$ cat run-v3.pdb   # PDB, C-alpha atoms
MODEL        1
ATOM      1  CA  MET A  26      -1.845  18.985  -6.762
ATOM      2  CA  PRO A  27       1.944  18.601  -6.314
ATOM      3  CA  VAL A  28       2.241  21.866  -4.340
ATOM      4  CA  LEU A  29      -0.672  20.925  -2.089
ATOM      5  CA  LEU A  30       0.858  17.484  -1.614
ATOM      6  CA  TRP A  31       4.213  18.985  -0.589
ATOM      7  CA  VAL A  32       2.459  21.337   1.851
ATOM      8  CA  ALA A  33       0.564  18.432   3.431
ATOM      9  CA  GLN A  34       3.754  16.365   3.650
ATOM     10  CA  ALA A  35       5.665  19.243   5.226
ATOM     11  CA  LEU A  36       2.945  19.949   7.790
ATOM     12  CA  LEU A  37       2.713  16.284   8.730
ATOM     13  CA  ALA A  38       6.505  16.052   8.940
ATOM     14  CA  VAL A  39       6.686  19.034  11.304
ATOM     15  CA  LEU A  40       3.863  17.667  13.447
ATOM     16  CA  PHE A  41       5.332  14.179  13.727
ATOM     17  CA  THR A  42       8.887  15.407  14.243
ATOM     18  CA  ALA A  43       7.731  17.560  17.159
ATOM     19  CA  ALA A  44       5.435  14.956  18.732
ATOM     20  CA  GLY A  45       7.839  12.081  18.175
ATOM     21  CA  GLY A  46      10.823  14.105  19.319
ATOM     22  CA  MET A  47       9.084  14.923  22.590
ATOM     23  CA  LYS A  48       8.361  11.244  23.166
ATOM     24  CA  LEU A  49      12.009  10.426  22.492
ATOM     25  CA  VAL A  50      13.693  13.040  24.660
ATOM     26  CA  MET A  51      11.285  13.799  27.501
ATOM     27  CA  SER A  52      10.850  11.623  30.569
ATOM     28  CA  PRO A  53       7.462   9.990  31.179
ATOM     29  CA  ASP A  54       6.939  12.315  34.160
ATOM     30  CA  ALA A  55       7.536  15.369  31.976
ATOM     31  CA  LEU A  56       5.284  13.990  29.218
ATOM     32  CA  THR A  57       2.344  13.142  31.463
ATOM     33  CA  PRO A  58       0.950  16.703  31.755
ATOM     34  CA  LEU A  59       1.124  17.054  27.955
ATOM     35  CA  MET A  60       0.093  13.520  27.037
ATOM     36  CA  PRO A  61      -1.794  11.888  29.930
ATOM     37  CA  TRP A  62      -2.120   8.618  28.020
ATOM     38  CA  VAL A  63       1.574   7.818  28.555
ATOM     39  CA  VAL A  64       0.773   6.540  32.062
ATOM     40  CA  ASP A  65      -0.938   3.543  30.416
ATOM     41  CA  PHE A  66       2.216   2.489  28.545
ATOM     42  CA  ARG A  67       5.745   1.424  29.396
ATOM     43  CA  PRO A  68       8.375   4.123  28.733
ATOM     44  CA  GLU A  69       9.941   1.891  26.065
ATOM     45  CA  THR A  70       6.644   1.751  24.209
ATOM     46  CA  VAL A  71       6.267   5.534  24.304
ATOM     47  CA  ARG A  72       9.829   5.920  22.971
ATOM     48  CA  ALA A  73       9.119   3.371  20.225
ATOM     49  CA  ILE A  74       6.041   5.351  19.174
ATOM     50  CA  GLY A  75       8.188   8.493  19.137
ATOM     51  CA  ALA A  76      10.827   6.792  16.999
ATOM     52  CA  LEU A  77       8.167   5.603  14.529
ATOM     53  CA  GLU A  78       6.777   9.123  14.299
ATOM     54  CA  VAL A  79      10.187  10.699  13.645
ATOM     55  CA  LEU A  80      11.119   8.032  11.096
ATOM     56  CA  GLY A  81       7.736   8.487   9.426
ATOM     57  CA  ALA A  82       8.339  12.247   9.226
ATOM     58  CA  VAL A  83      11.680  11.642   7.535
ATOM     59  CA  GLY A  84       9.987   9.181   5.186
ATOM     60  CA  LEU A  85       7.427  11.788   4.173
ATOM     61  CA  ILE A  86      10.062  14.183   2.854
ATOM     62  CA  LEU A  87      13.397  12.543   2.098
ATOM     63  CA  PRO A  88      12.480   9.875  -0.492
ATOM     64  CA  ARG A  89      10.555  12.257  -2.760
ATOM     65  CA  ALA A  90      12.966  15.139  -2.232
ATOM     66  CA  THR A  91      15.967  13.033  -3.228
ATOM     67  CA  ASN A  92      14.098  10.826  -5.714
ATOM     68  CA  ILE A  93      15.680   7.819  -3.993
ATOM     69  CA  ALA A  94      13.041   5.147  -3.399
ATOM     70  CA  PRO A  95      10.127   7.615  -3.643
ATOM     71  CA  VAL A  96       7.699   4.741  -3.039
ATOM     72  CA  LEU A  97       8.661   5.086   0.625
ATOM     73  CA  THR A  98       6.786   8.400   0.870
ATOM     74  CA  PRO A  99       3.276   6.933   0.502
ATOM     75  CA  ALA A 100       4.361   4.020   2.693
ATOM     76  CA  ALA A 101       5.478   6.440   5.417
ATOM     77  CA  ALA A 102       2.210   8.378   5.166
ATOM     78  CA  ALA A 103       0.202   5.160   5.424
ATOM     79  CA  GLY A 104       2.286   4.043   8.397
ATOM     80  CA  LEU A 105       1.670   7.339  10.162
ATOM     81  CA  ALA A 106      -2.052   6.935   9.470
ATOM     82  CA  VAL A 107      -1.881   3.591  11.286
ATOM     83  CA  VAL A 108      -0.144   5.284  14.230
ATOM     84  CA  MET A 109      -2.927   7.885  14.328
ATOM     85  CA  ALA A 110      -5.590   5.169  14.194
ATOM     86  CA  GLY A 111      -3.954   3.574  17.214
ATOM     87  CA  GLY A 112      -3.854   6.940  18.945
ATOM     88  CA  ALA A 113      -7.548   7.482  18.289
ATOM     89  CA  VAL A 114      -8.358   4.080  19.777
ATOM     90  CA  VAL A 115      -6.318   4.878  22.899
ATOM     91  CA  HIS A 116      -8.069   8.220  23.358
ATOM     92  CA  VAL A 117     -11.539   6.720  22.848
ATOM     93  CA  THR A 118     -10.880   3.927  25.342
ATOM     94  CA  ARG A 119      -9.702   6.541  27.856
ATOM     95  CA  GLY A 120     -12.822   8.657  27.234
ATOM     96  CA  GLU A 121     -10.750  11.490  25.718
ATOM     97  CA  TYR A 122     -13.071  12.069  22.780
ATOM     98  CA  PRO A 123     -11.855  15.562  21.764
ATOM     99  CA  HIS A 124      -8.307  14.198  21.446
ATOM    100  CA  SER A 125      -9.509  11.350  19.250
ATOM    101  CA  ILE A 126     -10.988  13.897  16.837
ATOM    102  CA  GLY A 127      -7.523  15.399  16.376
ATOM    103  CA  ASN A 128      -6.089  11.940  15.722
ATOM    104  CA  ILE A 129      -8.778  11.232  13.144
ATOM    105  CA  ALA A 130      -8.135  14.560  11.394
ATOM    106  CA  VAL A 131      -4.403  13.866  11.165
ATOM    107  CA  LEU A 132      -5.177  10.303  10.045
ATOM    108  CA  ALA A 133      -7.291  11.698   7.199
ATOM    109  CA  VAL A 134      -4.516  14.069   6.088
ATOM    110  CA  ALA A 135      -1.985  11.219   6.234
ATOM    111  CA  LEU A 136      -4.239   8.963   4.137
ATOM    112  CA  LEU A 137      -4.832  11.712   1.574
ATOM    113  CA  THR A 138      -1.079  12.311   1.467
ATOM    114  CA  ALA A 139      -0.424   8.611   0.917
ATOM    115  CA  TRP A 140      -2.987   8.525  -1.862
ATOM    116  CA  GLY A 141      -1.635  11.701  -3.507
ATOM    117  CA  ALA A 142       1.968  10.524  -3.283
ATOM    118  CA  LEU A 143       1.019   7.161  -4.777
ATOM    119  CA  ARG A 144      -0.856   8.877  -7.612
ATOM    120  CA  SER A 145       2.094  11.154  -8.333
ATOM    121  CA  LEU A 146       4.350   8.081  -8.551
ATOM    122  CA  SER A 147       2.095   6.377 -11.072
ATOM    123  CA  SER A 148       1.844   9.501 -13.232
ATOM    124  CA  SER A 149       5.621   9.971 -13.367
TER
ENDMDL
END

$ encode --input "run-v3.pdb" --output "structure tokens"
Amino acid sequence: MPVLLWVAQALLAVLFTAAGGMKLVMSPDALTPLMPWVVDFRPETVRAIGALEVLGAVGLILPRATNIAPVLTPAAAAGLAVVMAGGAVVHVTRGEYPHSIGNIAVLAVALLTAWGALRSLSSS
């Protein structure tokens, strides 16, 4: 289980670093072709979502890797699951059902990661 947990954490971290990084550094006009939903939000909100995603990615890896406050790893995974739930709601309300399926899949992986990280803390 620990190897599978690390793989899931790493994949989520890469995904959220890339997606969050784009939201942080790209202009809304440049993001719109990639993420049409950004037109419904203020640029500050999109950047805040990006910052949460990047911080969540760091929280998936750093606490467990350094063994400093490892309880933050399941908290970060749960927080990212909440972000994905919000993303799914946005896509459903916009009628972008295929995109919401991707959000739900990532949400499930994030929840399983949170659960696995929490279990590994209690067994240590």

$ closest_residue --input "run-v3.pdb" --among "A:Val114, A:Ala82, A:Val28, A:Met60" --to "Lys48 (chain A)" --atoms "only C-alpha atoms"
A:Met60

$ closest_residue --input "run-v3.pdb" --among "A:Leu49, A:Ala130, A:Leu137, A:Leu143" --to "Thr98 (chain A)" --atoms "only C-alpha atoms"
A:Leu143

$ closest_residue --input "run-v3.pdb" --among "A:Asn128, A:Pro123, A:Thr91, A:Leu77" --to "Thr42 (chain A)" --atoms "only C-alpha atoms"
A:Leu77

$ closest_residue --input "run-v3.pdb" --among "A:Val131, A:Val96, A:Met109, A:Leu87" --to "Trp31 (chain A)" --atoms "only C-alpha atoms"
A:Leu87

$ residues_near_point --input "run-v3.pdb" --point "(9.3, 10.3, 4.6)" --cutoff "9 Å" --atoms "only C-alpha atoms" --output "list in words"
Gln34, Ala38, Leu80, Gly81, Ala82, Val83, Gly84, Leu85, Ile86, Leu87, Pro88, Arg89, Pro95, Leu97, Thr98, Pro99, Ala100, Ala101 and Ala102 of chain A

$ resolve_selection --input "run-v3.pdb" --expression "the PyMOL selection byres ((chain A and resi 32) around 12)" --output "list in words"
Met26, Pro27, Val28, Leu29, Leu30, Trp31, Ala33, Gln34, Ala35, Leu36, Leu37, Ala38, Val39, Leu85, Ile86, Val134, Ala135, Thr138, Gly141 and Ala142 of chain A

$ axis_aligned_box --input "run-v3.pdb" --around "region 98-112 of chain A" --padding-each-side "8 Å" --output "JSON"
{"center_x": 0.6, "center_y": 6.0, "center_z": 9.7, "size_x": 28.4, "size_y": 20.8, "size_z": 34.4}

$ residues_around --input "run-v3.pdb" --residues "region 44-47 of chain A" --least-positions-apart "5" --cutoff "7 Å" --atoms "all atoms listed in the file" --output "list in words"
Gly75, Ala76, Glu78 and Val79 of chain A

$ atom_distance --input "run-v3.pdb" --atom1 "CA of Leu146 (chain A)" --atom2 "CA of Ile129 (chain A)"
25.6 Å

$ closest_residue --input "run-v3.pdb" --among "A:Ala110, A:Val50, A:Val117, A:Ala103" --to "Leu136 (chain A)" --atoms "all atoms listed in the file"
A:Ala103

$ decode --input "run-v3.pdb" --residues "region 124-139 of chain A" --atoms "N, CA, C and O atoms" --output "PDB file, in the first residue's frame"
ATOM      1  N   HIS A 124     -16.254  17.019 -18.726  1.00  0.00           N
ATOM      2  CA  HIS A 124     -15.232  17.597 -17.852  1.00  0.00           C
ATOM      3  C   HIS A 124     -15.512  17.268 -16.383  1.00  0.00           C
ATOM      4  O   HIS A 124     -14.583  17.072 -15.601  1.00  0.00           O
ATOM      5  N   SER A 125     -16.789  17.223 -16.029  1.00  0.00           N
ATOM      6  CA  SER A 125     -17.127  16.911 -14.639  1.00  0.00           C
ATOM      7  C   SER A 125     -16.735  15.482 -14.289  1.00  0.00           C
ATOM      8  O   SER A 125     -16.375  15.204 -13.144  1.00  0.00           O
ATOM      9  N   ILE A 126     -16.740  14.590 -15.264  1.00  0.00           N
ATOM     10  CA  ILE A 126     -16.327  13.208 -15.013  1.00  0.00           C
ATOM     11  C   ILE A 126     -14.851  13.167 -14.635  1.00  0.00           C
ATOM     12  O   ILE A 126     -14.451  12.448 -13.713  1.00  0.00           O
ATOM     13  N   GLY A 127     -14.042  13.973 -15.310  1.00  0.00           N
ATOM     14  CA  GLY A 127     -12.617  14.055 -14.957  1.00  0.00           C
ATOM     15  C   GLY A 127     -12.434  14.586 -13.551  1.00  0.00           C
ATOM     16  O   GLY A 127     -11.604  14.068 -12.781  1.00  0.00           O
ATOM     17  N   ASN A 128     -13.202  15.616 -13.187  1.00  0.00           N
ATOM     18  CA  ASN A 128     -13.124  16.155 -11.830  1.00  0.00           C
ATOM     19  C   ASN A 128     -13.488  15.092 -10.793  1.00  0.00           C
ATOM     20  O   ASN A 128     -12.830  14.972  -9.754  1.00  0.00           O
ATOM     21  N   ILE A 129     -14.526  14.340 -11.082  1.00  0.00           N
ATOM     22  CA  ILE A 129     -14.979  13.316 -10.135  1.00  0.00           C
ATOM     23  C   ILE A 129     -13.936  12.207 -10.002  1.00  0.00           C
ATOM     24  O   ILE A 129     -13.693  11.699  -8.906  1.00  0.00           O
ATOM     25  N   ALA A 130     -13.282  11.849 -11.106  1.00  0.00           N
ATOM     26  CA  ALA A 130     -12.232  10.829 -11.040  1.00  0.00           C
ATOM     27  C   ALA A 130     -11.060  11.308 -10.183  1.00  0.00           C
ATOM     28  O   ALA A 130     -10.556  10.562  -9.333  1.00  0.00           O
ATOM     29  N   VAL A 131     -10.639  12.545 -10.392  1.00  0.00           N
ATOM     30  CA  VAL A 131      -9.535  13.085  -9.591  1.00  0.00           C
ATOM     31  C   VAL A 131      -9.963  13.231  -8.133  1.00  0.00           C
ATOM     32  O   VAL A 131      -9.187  12.955  -7.215  1.00  0.00           O
ATOM     33  N   LEU A 132     -11.208  13.631  -7.910  1.00  0.00           N
ATOM     34  CA  LEU A 132     -11.750  13.711  -6.550  1.00  0.00           C
ATOM     35  C   LEU A 132     -11.648  12.353  -5.855  1.00  0.00           C
ATOM     36  O   LEU A 132     -11.226  12.274  -4.704  1.00  0.00           O
ATOM     37  N   ALA A 133     -12.012  11.296  -6.561  1.00  0.00           N
ATOM     38  CA  ALA A 133     -11.956   9.950  -5.975  1.00  0.00           C
ATOM     39  C   ALA A 133     -10.516   9.568  -5.614  1.00  0.00           C
ATOM     40  O   ALA A 133     -10.264   9.029  -4.530  1.00  0.00           O
ATOM     41  N   VAL A 134      -9.579   9.855  -6.497  1.00  0.00           N
ATOM     42  CA  VAL A 134      -8.170   9.546  -6.208  1.00  0.00           C
ATOM     43  C   VAL A 134      -7.692  10.364  -5.009  1.00  0.00           C
ATOM     44  O   VAL A 134      -6.982   9.855  -4.138  1.00  0.00           O
ATOM     45  N   ALA A 135      -8.085  11.633  -4.944  1.00  0.00           N
ATOM     46  CA  ALA A 135      -7.683  12.476  -3.815  1.00  0.00           C
ATOM     47  C   ALA A 135      -8.272  11.955  -2.503  1.00  0.00           C
ATOM     48  O   ALA A 135      -7.578  11.924  -1.479  1.00  0.00           O
ATOM     49  N   LEU A 136      -9.526  11.527  -2.524  1.00  0.00           N
ATOM     50  CA  LEU A 136     -10.136  10.977  -1.306  1.00  0.00           C
ATOM     51  C   LEU A 136      -9.463   9.671  -0.885  1.00  0.00           C
ATOM     52  O   LEU A 136      -9.217   9.447   0.308  1.00  0.00           O
ATOM     53  N   LEU A 137      -9.177   8.810  -1.847  1.00  0.00           N
ATOM     54  CA  LEU A 137      -8.475   7.561  -1.518  1.00  0.00           C
ATOM     55  C   LEU A 137      -7.075   7.847  -0.978  1.00  0.00           C
ATOM     56  O   LEU A 137      -6.600   7.169  -0.066  1.00  0.00           O
ATOM     57  N   THR A 138      -6.432   8.864  -1.517  1.00  0.00           N
ATOM     58  CA  THR A 138      -5.108   9.257  -1.032  1.00  0.00           C
ATOM     59  C   THR A 138      -5.206   9.787   0.391  1.00  0.00           C
ATOM     60  O   THR A 138      -4.370   9.451   1.245  1.00  0.00           O
ATOM     61  N   ALA A 139      -6.209  10.608   0.654  1.00  0.00           N
ATOM     62  CA  ALA A 139      -6.397  11.118   2.017  1.00  0.00           C
ATOM     63  C   ALA A 139      -6.628   9.976   2.993  1.00  0.00           C
ATOM     64  O   ALA A 139      -6.023   9.931   4.075  1.00  0.00           O
TER      65      ALA A 139
END
